[in-house]
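Here is the structure we will look at, set down as structure tokens.
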Amino acid sequence: MLIPFSMSTRFFACTIVLFPLILIGCQRPLSEKPEKGVTFELNKTRKSLYDSLAYDITLWIPEKRTDSIRGEIKIQFQLSNRKSPVILDFSQPAKMVQGVRYKGEELKYEVENGHILLPARRWDSGLNEIEISFTAGDLSLNRNEAYLYTLLVPDRASTCFPLIDQPNIKARYTLTLHTPVGWEAVANGKLVEKRELKDNWYYRFAPTQPISSYLFAFATGKFSKRNKKIGGREFSMYYRETDHVKVDRNADSIFEMHAHALDWLEEYTGIAYPFGKFDIALIPSFQYGGMEHPGAVFYNESALFLDENATINKRLARANVIAHESAHMWFGDLVTMDWFNDVWLKEVFANFMAAKIVHPTFPEMNHRLRFLLAHYPAAYDVDRTLGANAIIQELDNLNNAGSLYGAIIYHKAPVVMRQLEMKIGEKLLRESLQDYLKLYQFDNAKWDDLIKIIDEKTPLDMKSWSDTWVKSAGMPSYELVMKDTLCSYAQLPDQKEGRIWLQPLQLTLAVGDSVHTLTPDSNTGNNAQWTASSGLSVFPNPDGVAYGYFSMDTLSVQTFLSNYQQYADPVFRGSQLVNIWEGFLQGDGGKPPVLLARLLGVLPKESNSLLVDYLLGRISSIYWKFLTEEQRQYFQPQVETLLWKQLLITKDLGLKNTFFKSYKSMAYSPEAQEKLKSLWLDSLRIEGLSLSEEDKISLAHQLALYNPEQSQQILNDQRAKVLNPDRKGKMTFMMPVFSADQTVRDSFFDSLKLPENREKESWVLEALHFLHHPLKQFNSIKYLKPSMDLLQEIQRTGDIFFPTRWMDHSFGGHSSPEAAAIARQFIKNHPDYPVFLRDKIFQATDLLERAVQLKSAQ
């Protein structure tokens with residue numbers, strides 16, 4: 001608590017002689033110190049006070065990345081209470097603020113808990129303007145030797161410069177940059193002036209439309225640039241890639257996919273693209289696939305510049321991320337969630353629209369199957385754990401907003417959205433979304449606002465449906481019960497809240513050549529009954545639409561796997577494979593070696609690339625995590641022989657690349673290593689397999705993992721061949737991970753305790769993958785507790801996905817009882833640990849716990 005000035009203090013502090021004017025003319029400090037971050041209460045208070053907010057930001061960018069960035073900002077605002085104190089956000093030490101001015105005069109201020117506090121005074125009735133001189137914070141400026149870029153979601157704008165950093169107070173942003181000579185620059189606003197001066201280059205960008213603070217962005221550095229005009233719309237692309245052939249091969253497609261997505265979205269929403277110009281920046285090792293800054297979308301460069309032999313899945317993923325970020329211009333940027341607990345809303349609509357945009361352009365892809373495999377397994381990976389969370393989560397402070405992101409938002413929410421469209425119809429959903437966008441454009445809205453619009457258009461009880469599927473955690477479970485001559489398949493009673501998860505569900509019953517499909521009543525928990533018969537197989541959820549745990553009996557599993565080739569529908573095959581995997585993890589699917597043998601038998605019979613990917617993922621998981629060392633050695637020759645054979649005989653280039661990557665990650669016998677080394681050295685070539693520079697680096701990493709004594713020579717040889725400076729830098733960063741010297745690896749891990757060594761998060765995650773590889777797990781188990789000790793700091797300093805990925809990559813290679821015990825003990829020793837981070841640990845260790853249980857049961 002701040003203590004108000006005493007009367008005597010105010011008297012000596014003021015210079016006005018007349019006592020009545022003293023109380024008017026002096027500035028009082030705030031009576032209460034705000035907490036760190038932006039609490040929900042502060043968010044509500046400021047939302048009621050501010051209007052007409054605008055920022056004019058000037059930054060001087062030095063060429064040397066360690067030099068400070070000087071800044072000036074002018075902040076304009078109106079206050080509904082002209083006597084209110086002003087609380088700005090700036091998560092930096094007080095020394096980073098050089099001064100605050102109002103009407104040309106220095107203004108008293110305090111810096112407390114990441115806020116600049118301007119005590120109450122009589123503000124003007126119209127626009128007020130304050131000016132602040134500051135030194136920019138580096139946390140979210142992502143500074144590199146020859147470029148930098150902002151990434152400010154969810155509350156990181158205040159780490160860079162002073163502002164009101166909450167999503168429901170939108171503002172116009174004007175930016176001026178002084179950059180080193182030769183640096184390009186891109187920002188949200190249109191470039192209105194560029195001057196190439198002797199000592200620096202000057203860029204002035206036009207004011208933006210009203211946007212939320214997390215969407216403000218700029219990038220500057222030694223970027224190349226390309227322009228293209230399509231249908232009257234101009235695009236500019238900034239990139240660092242030095243392989244001009246690769247750029248030439250991809251550039252036109254990238255521009256055209258953006259143009260197509262924007263045209264489609266304008267037609268669907270009935271609203272023209274709201275933000276004027278449209279630029280894109282491709283960033284090496286960008287933390288996400290993309291980030292939807294209006295007017296300046298940022299992408300991970302490798303996600304858009306594809307290799308010559310890119311699989312259809314990679315090409316589809318590229319089209320999807322482009323459509324996803326384009327959809328955000330309407331869903332997230334034009335209409336933004338009011339508070340970050342509704343962050344899922346912008347993400348689910350971006351995914352939903354992206355699917356509608358992209359699917360018709362890939363007619364050769366089975367999109368129902370892809371939806372099933374892309375979303376259901378990833379969502380189950382969270383919903384089956386002790387750390388399961390609802391789609392809408394509680395959020396008391398914006399500094400915890402990053403913890404809300406994860407598989408439930410990106411994978412369960414699309415499943416729920418598809419069910420919503422099936423429930424109310426495509427036409428009604430589109431009409432509701434158009435009303436929603438028009439009503440709240442350049443403003444903020446909640447999920448409940450959309451549900452209210454839908455409720456007014458349909459007699460269905462959408463609120464109850466939403467309460468179960470969106471506002472509560474977990475998933476329904478279904479069980480097959482056989483009693484005498486009667487069989488039933490029904491949703492089990494919900495043990496937590498007595499919920500009934502209403503959804504469409506089908507069952508396929510098969511005896512010999514006789515096949516029958518049942519559709520239980522979705523309004524009664526999908527209960528179905530029939531008369532038992534000998535040899536009956538029950539295949540739940542054959543169309544892959546329903547969501548939950550669908551148990552299968554042993555006979556049905558055996559029948560499906562034994563007769564795999566007879567099932568023509570790939571969606572059916574995919575749905576049953578998912579059911580079998582979930583049953584295996586629940587302990588209902590037999591021993592790990594038995595399931596691995598069956599999946600290895602199924603793999604050569606599958607030609608669908610999506611299902612091959614899924615099967616290889618399950619095979620790899622059992623191979624590395626669920627087998628004992630002796631069992632893996634037993635299966636190793638069979639796995640290597642099968643994968644190499646499939647690699648050689650497969651004609652499809654995409655599948656060939658898929659088998660190559662699986663062989664590289666699972667084949668480590670001396671014979672296999674010789675083959676990998678020959679591929680790396682180009683003394684062995686496989687017809688149809690083209691290896692890029694990134695492939696060669698990946699091969700070098702894998703060979704270094706398998707041969708630690710030779711690792712430094714292998715990596716040095718490869719690094720000498722790398723032309724791209726960003727990829728060369730990544731190799732240098734990761735080299736200690738492969739060292740045969742344990743003390744070198746220990747020093748590398750210890751270095752990650754410093755935030756500056758975690759700035760390249762994608763580099764860190766790949767390094768953790770190799771550091772904790774199953775072959776190294778007993779040497780790296782000692783890093784697990786320190787990794788959990790760091791988690792709260794990781795959450796404070798890292799980007800939104802980093803805490804989850806930090807945990808996943810730390811525990812991903814472990815399958816020992818000792819590793820599981822370390823995680824359990826950590827939770828036990830920290831009973832007051834933040835729930836949202838505790839849940840991340842539960843999620844990351846779920847497969848570890850199940851692996852320990854299944855191996856011990858053998």
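Ordered as shown in the structure tokens, chains take letters A, B, and onward, while each chain numbers its residues from 1 and ligands are numbered from 1 in the order shown.
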
Gln777 of chain A surroundings by only C-alpha atoms, 10 Å radius, close-in-sequence under 6 positions cut, as a PyMOL selection string: chain A and resi 770-771+783+810-816+819

Keeping only C-alpha atoms, write the selected residues as a compact mmCIF listing (two decimals), in the first residue's frame.
```
# COMPACT_ATOMS: atom_id res chain seq x y z
CA PHE A 770 18.11 -34.81 -28.07
CA LEU A 771 19.20 -34.13 -24.49
CA TYR A 783 17.55 -32.48 -15.36
CA SER A 810 11.73 -32.54 -21.00
CA PHE A 811 9.65 -35.63 -20.23
CA GLY A 812 9.07 -36.85 -23.79
CA GLY A 813 12.00 -39.25 -23.90
CA HIS A 814 11.49 -40.72 -20.43
CA SER A 815 9.71 -43.94 -19.55
CA SER A 816 11.28 -45.04 -16.27
CA ALA A 819 11.27 -40.24 -13.89
```

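For segment 104-162 of chain A, a DSSP pass over the backbone yields strand (DSSP E) at Glu105, Glu106, Glu110, Val111, Glu112, His115, Ile116, Leu117, Leu118, Asn128, Glu129, Ile130, Glu131, Ile132, Ser133, Phe134, Thr135, Tyr147, Leu148 and Tyr149 of chain A.
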
Output C-alpha atoms of each residue in that selection to a file, as a CSV table (one decimal), in the first residue's frame.
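Listing of part-v2.csv after writing:
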```
chain,number,residue,atom,x,y,z
A,105,GLU,CA,5.8,20.1,-18.3
A,106,GLU,CA,7.5,17.2,-16.4
A,110,GLU,CA,5.9,6.3,-9.8
A,111,VAL,CA,7.0,2.9,-11.2
A,112,GLU,CA,5.6,0.0,-9.2
A,115,HIS,CA,3.2,-0.1,-13.9
A,116,ILE,CA,3.7,3.6,-14.4
A,117,LEU,CA,1.4,5.4,-12.0
A,118,LEU,CA,0.3,9.0,-12.8
A,128,ASN,CA,-5.2,14.4,-23.2
A,129,GLU,CA,-1.6,13.7,-24.4
A,130,ILE,CA,1.3,12.6,-22.4
A,131,GLU,CA,4.8,12.0,-23.6
A,132,ILE,CA,7.2,9.4,-22.1
A,133,SER,CA,10.9,8.9,-22.8
A,134,PHE,CA,12.0,5.3,-22.1
A,135,THR,CA,14.4,2.6,-22.9
A,147,TYR,CA,17.3,-8.4,-37.5
A,148,LEU,CA,14.6,-8.2,-34.8
A,149,TYR,CA,10.9,-8.7,-34.6
```

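Using only C-alpha atoms for every distance, the candidate list A:Leu373, A:Ala296, A:Val192, A:Leu386 yields A:Leu386 as the residue closest to Phe836 of chain A.
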
Counting only C-alpha atoms, what is within 12 Å of Leu790 of chain A, bar same-chain residues fewer than 3 positions away, as a ChimeraX atom specification? /A:749-750,752-755,758,783-787,793-798,802-803,806-807,810,837

Hey, can you spit out that residue selection with N, CA and C atoms as a tab-separated table (two decimals), in the first residue's frame?
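Okay, this is what ended up in selection-v2.tsv:
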```
chain	number	residue	atom	x	y	z
A	749	PHE	N	22.77	-27.62	-20.18
A	749	PHE	CA	21.49	-27.51	-19.48
A	749	PHE	C	21.50	-26.36	-18.49
A	750	ASP	N	22.58	-26.22	-17.73
A	750	ASP	CA	22.67	-25.13	-16.77
A	750	ASP	C	22.57	-23.77	-17.46
A	752	LEU	N	20.68	-22.99	-19.79
A	752	LEU	CA	19.28	-22.69	-20.09
A	752	LEU	C	18.56	-22.05	-18.91
A	753	LYS	N	19.20	-22.02	-17.77
A	753	LYS	CA	18.59	-21.36	-16.62
A	753	LYS	C	18.61	-19.84	-16.77
A	754	LEU	N	19.40	-19.34	-17.71
A	754	LEU	CA	19.45	-17.90	-17.98
A	754	LEU	C	18.50	-17.57	-19.12
A	755	PRO	N	17.60	-16.61	-18.95
A	755	PRO	CA	16.61	-16.29	-19.98
A	755	PRO	C	17.23	-15.96	-21.34
A	758	ARG	N	17.58	-18.79	-23.65
A	758	ARG	CA	16.34	-19.44	-24.10
A	758	ARG	C	15.60	-18.61	-25.13
A	783	TYR	N	18.01	-33.80	-14.92
A	783	TYR	CA	17.55	-32.48	-15.36
A	783	TYR	C	16.06	-32.28	-15.11
A	784	LEU	N	15.33	-33.32	-14.77
A	784	LEU	CA	13.87	-33.21	-14.71
A	784	LEU	C	13.40	-32.28	-13.59
A	785	LYS	N	13.90	-32.47	-12.38
A	785	LYS	CA	13.46	-31.58	-11.30
A	785	LYS	C	13.87	-30.13	-11.56
A	786	PRO	N	15.13	-29.87	-11.96
A	786	PRO	CA	15.47	-28.47	-12.29
A	786	PRO	C	14.59	-27.89	-13.41
A	787	SER	N	14.16	-28.74	-14.34
A	787	SER	CA	13.29	-28.25	-15.41
A	787	SER	C	11.94	-27.81	-14.85
A	793	GLU	N	9.39	-19.53	-14.05
A	793	GLU	CA	10.14	-18.49	-14.75
A	793	GLU	C	9.96	-18.62	-16.26
A	794	ILE	N	9.90	-19.86	-16.76
A	794	ILE	CA	9.65	-20.08	-18.18
A	794	ILE	C	8.33	-19.44	-18.58
A	795	GLN	N	7.34	-19.58	-17.71
A	795	GLN	CA	6.02	-19.01	-18.00
A	795	GLN	C	6.08	-17.48	-18.03
A	796	ARG	N	6.91	-16.89	-17.16
A	796	ARG	CA	7.01	-15.43	-17.12
A	796	ARG	C	7.79	-14.87	-18.29
A	797	THR	N	8.83	-15.58	-18.74
A	797	THR	CA	9.75	-15.02	-19.73
A	797	THR	C	9.56	-15.57	-21.13
A	798	GLY	N	8.91	-16.75	-21.25
A	798	GLY	CA	8.78	-17.39	-22.56
A	798	GLY	C	7.51	-16.99	-23.27
A	802	PHE	N	5.59	-21.98	-24.91
A	802	PHE	CA	6.87	-22.48	-24.41
A	802	PHE	C	6.74	-23.31	-23.11
A	803	PRO	N	5.94	-22.89	-22.12
A	803	PRO	CA	5.85	-23.72	-20.91
A	803	PRO	C	5.40	-25.15	-21.19
A	806	TRP	N	8.17	-26.90	-23.17
A	806	TRP	CA	9.32	-27.14	-22.28
A	806	TRP	C	9.10	-28.43	-21.50
A	807	MET	N	7.91	-28.60	-20.93
A	807	MET	CA	7.59	-29.81	-20.18
A	807	MET	C	7.53	-31.03	-21.09
A	810	SER	N	10.93	-32.07	-22.12
A	810	SER	CA	11.73	-32.54	-21.00
A	810	SER	C	11.37	-33.98	-20.63
A	837	LEU	N	-0.02	-24.39	-14.13
A	837	LEU	CA	1.29	-24.99	-14.42
A	837	LEU	C	1.36	-26.43	-13.91
```

DSSP helix (DSSP H, G or I) residues within segment 558-707 of chain A, listed as an MDAnalysis selection string: chainID A and resid 558:562 564:566 570:585 592:605 609:626 629:649 653:666 670:680 693:706

What's the 8 Å shell around Phe826 of chain A, counting only C-alpha atoms, without same-chain residues fewer than 4 positions away, as a ChimeraX atom specification? /A:785,788,822,830

Next, the residues of the selection above should be written as a short mmCIF file (atom, residue, chain, number, x, y, z; two decimals), in the first residue's frame with N, CA and C atoms.
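Everything below was put into again.cif:
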```
data_model
loop_
_atom_site.label_atom_id
_atom_site.label_comp_id
_atom_site.auth_asym_id
_atom_site.auth_seq_id
_atom_site.Cartn_x
_atom_site.Cartn_y
_atom_site.Cartn_z
N LYS A 785 13.90 -32.47 -12.38
CA LYS A 785 13.46 -31.58 -11.30
C LYS A 785 13.87 -30.13 -11.56
N MET A 788 11.41 -28.57 -13.89
CA MET A 788 10.16 -28.16 -13.24
C MET A 788 10.38 -26.95 -12.33
N ILE A 822 9.86 -38.69 -9.85
CA ILE A 822 10.34 -37.32 -9.70
C ILE A 822 9.21 -36.32 -9.93
N HIS A 830 4.87 -29.41 -3.65
CA HIS A 830 4.41 -28.05 -3.98
C HIS A 830 2.88 -28.01 -4.00
#
```

Would you pick out the contacts of segment 228-245 of chain A at 9 Å or less, using only C-alpha atoms, so that residues sharing its chain but fewer than 2 positions from it are not included, and give the list as a ChimeraX atom specification? /A:184-186,222-226,247-252,255-256,258-259,277-284,301-302,305,723-726

Take the residues that were just selected and, keeping N, CA, C and O atoms, output them as a compact mmCIF listing (two decimals), in the first residue's frame.
```txt
# COMPACT_ATOMS: atom_id res chain seq x y z
N GLU A 184 15.62 -3.30 -43.83
CA GLU A 184 14.22 -3.13 -44.22
C GLU A 184 13.35 -3.06 -42.95
O GLU A 184 13.79 -3.44 -41.86
N ALA A 185 12.10 -2.60 -43.11
CA ALA A 185 11.19 -2.53 -41.97
C ALA A 185 9.77 -2.73 -42.45
O ALA A 185 9.38 -2.29 -43.53
N VAL A 186 8.98 -3.42 -41.62
CA VAL A 186 7.57 -3.67 -41.90
C VAL A 186 6.81 -3.56 -40.59
O VAL A 186 7.31 -3.93 -39.54
N LYS A 222 18.01 -7.15 -41.95
CA LYS A 222 18.50 -7.46 -43.30
C LYS A 222 17.60 -8.53 -43.92
O LYS A 222 17.89 -9.72 -43.88
N PHE A 223 16.47 -8.05 -44.43
CA PHE A 223 15.50 -8.90 -45.10
C PHE A 223 15.53 -8.63 -46.59
O PHE A 223 15.78 -7.50 -47.03
N SER A 224 15.28 -9.67 -47.37
CA SER A 224 14.97 -9.48 -48.79
C SER A 224 13.47 -9.21 -48.90
O SER A 224 12.70 -9.51 -47.99
N LYS A 225 13.06 -8.67 -50.05
CA LYS A 225 11.66 -8.26 -50.19
C LYS A 225 11.17 -8.56 -51.60
O LYS A 225 11.89 -8.37 -52.58
N ARG A 226 9.93 -9.08 -51.68
CA ARG A 226 9.26 -9.28 -52.96
C ARG A 226 7.86 -8.70 -52.88
O ARG A 226 7.21 -8.73 -51.83
N VAL A 247 13.14 -19.89 -52.79
CA VAL A 247 12.24 -18.74 -52.76
C VAL A 247 11.45 -18.66 -54.07
O VAL A 247 10.22 -18.48 -54.06
N ASP A 248 12.13 -18.80 -55.20
CA ASP A 248 11.46 -18.75 -56.49
C ASP A 248 10.39 -19.84 -56.61
O ASP A 248 9.32 -19.62 -57.19
N ARG A 249 10.69 -21.00 -56.06
CA ARG A 249 9.77 -22.13 -56.17
C ARG A 249 8.49 -21.89 -55.35
O ARG A 249 7.43 -22.41 -55.69
N ASN A 250 8.57 -21.09 -54.30
CA ASN A 250 7.45 -20.95 -53.37
C ASN A 250 6.72 -19.62 -53.42
O ASN A 250 5.55 -19.54 -53.02
N ALA A 251 7.38 -18.57 -53.86
CA ALA A 251 6.86 -17.21 -53.67
C ALA A 251 5.47 -17.01 -54.28
O ALA A 251 4.54 -16.52 -53.61
N ASP A 252 5.29 -17.37 -55.56
CA ASP A 252 4.00 -17.12 -56.20
C ASP A 252 2.87 -17.86 -55.50
O ASP A 252 1.76 -17.31 -55.32
N PHE A 255 1.82 -15.96 -52.29
CA PHE A 255 0.99 -14.79 -52.59
C PHE A 255 -0.42 -15.20 -53.00
O PHE A 255 -1.42 -14.63 -52.55
N GLU A 256 -0.51 -16.19 -53.86
CA GLU A 256 -1.81 -16.59 -54.39
C GLU A 256 -2.69 -17.19 -53.32
O GLU A 256 -3.92 -16.97 -53.32
N HIS A 258 -2.68 -16.40 -50.15
CA HIS A 258 -3.19 -15.29 -49.36
C HIS A 258 -4.33 -14.58 -50.08
O HIS A 258 -5.36 -14.25 -49.46
N ALA A 259 -4.16 -14.33 -51.35
CA ALA A 259 -5.20 -13.64 -52.11
C ALA A 259 -6.49 -14.44 -52.11
O ALA A 259 -7.59 -13.90 -51.91
N LYS A 277 -3.55 -2.40 -46.10
CA LYS A 277 -2.48 -3.16 -46.76
C LYS A 277 -2.26 -4.52 -46.09
O LYS A 277 -2.68 -4.76 -44.95
N PHE A 278 -1.56 -5.42 -46.82
CA PHE A 278 -1.34 -6.78 -46.30
C PHE A 278 0.09 -7.19 -46.64
O PHE A 278 0.41 -7.49 -47.79
N ASP A 279 0.96 -7.18 -45.62
CA ASP A 279 2.34 -7.63 -45.79
C ASP A 279 2.56 -8.89 -44.96
O ASP A 279 1.83 -9.16 -44.00
N ILE A 280 3.58 -9.65 -45.32
CA ILE A 280 3.95 -10.82 -44.55
C ILE A 280 5.46 -10.82 -44.33
O ILE A 280 6.22 -10.36 -45.19
N ALA A 281 5.87 -11.29 -43.16
CA ALA A 281 7.30 -11.41 -42.84
C ALA A 281 7.57 -12.86 -42.45
O ALA A 281 6.88 -13.42 -41.59
N LEU A 282 8.55 -13.46 -43.09
CA LEU A 282 8.93 -14.85 -42.83
C LEU A 282 10.18 -14.84 -41.95
O LEU A 282 11.23 -14.36 -42.37
N ILE A 283 10.02 -15.37 -40.73
CA ILE A 283 11.05 -15.26 -39.71
C ILE A 283 11.70 -16.62 -39.46
O ILE A 283 10.99 -17.61 -39.20
N PRO A 284 13.02 -16.73 -39.53
CA PRO A 284 13.68 -18.00 -39.18
C PRO A 284 13.41 -18.37 -37.72
O PRO A 284 13.47 -17.52 -36.83
N GLU A 301 9.47 -19.19 -41.22
CA GLU A 301 9.93 -19.23 -42.61
C GLU A 301 9.89 -20.64 -43.20
O GLU A 301 9.47 -20.84 -44.35
N SER A 302 10.27 -21.63 -42.41
CA SER A 302 10.32 -22.99 -42.94
C SER A 302 8.94 -23.56 -43.19
O SER A 302 8.79 -24.53 -43.95
N PHE A 305 8.32 -21.73 -46.92
CA PHE A 305 9.29 -22.07 -47.97
C PHE A 305 9.55 -23.58 -47.90
O PHE A 305 10.38 -24.05 -47.12
N LEU A 723 25.18 -23.10 -45.73
CA LEU A 723 25.31 -21.75 -46.28
C LEU A 723 24.45 -20.74 -45.54
O LEU A 723 24.83 -19.58 -45.39
N ASN A 724 23.28 -21.18 -45.09
CA ASN A 724 22.36 -20.26 -44.45
C ASN A 724 22.85 -19.89 -43.05
O ASN A 724 23.09 -20.77 -42.22
N PRO A 725 23.02 -18.59 -42.73
CA PRO A 725 23.60 -18.20 -41.43
C PRO A 725 22.71 -18.56 -40.25
O PRO A 725 23.22 -18.85 -39.16
N ASP A 726 21.40 -18.55 -40.44
CA ASP A 726 20.50 -18.88 -39.34
C ASP A 726 20.57 -20.36 -38.99
O ASP A 726 20.58 -20.73 -37.82
```
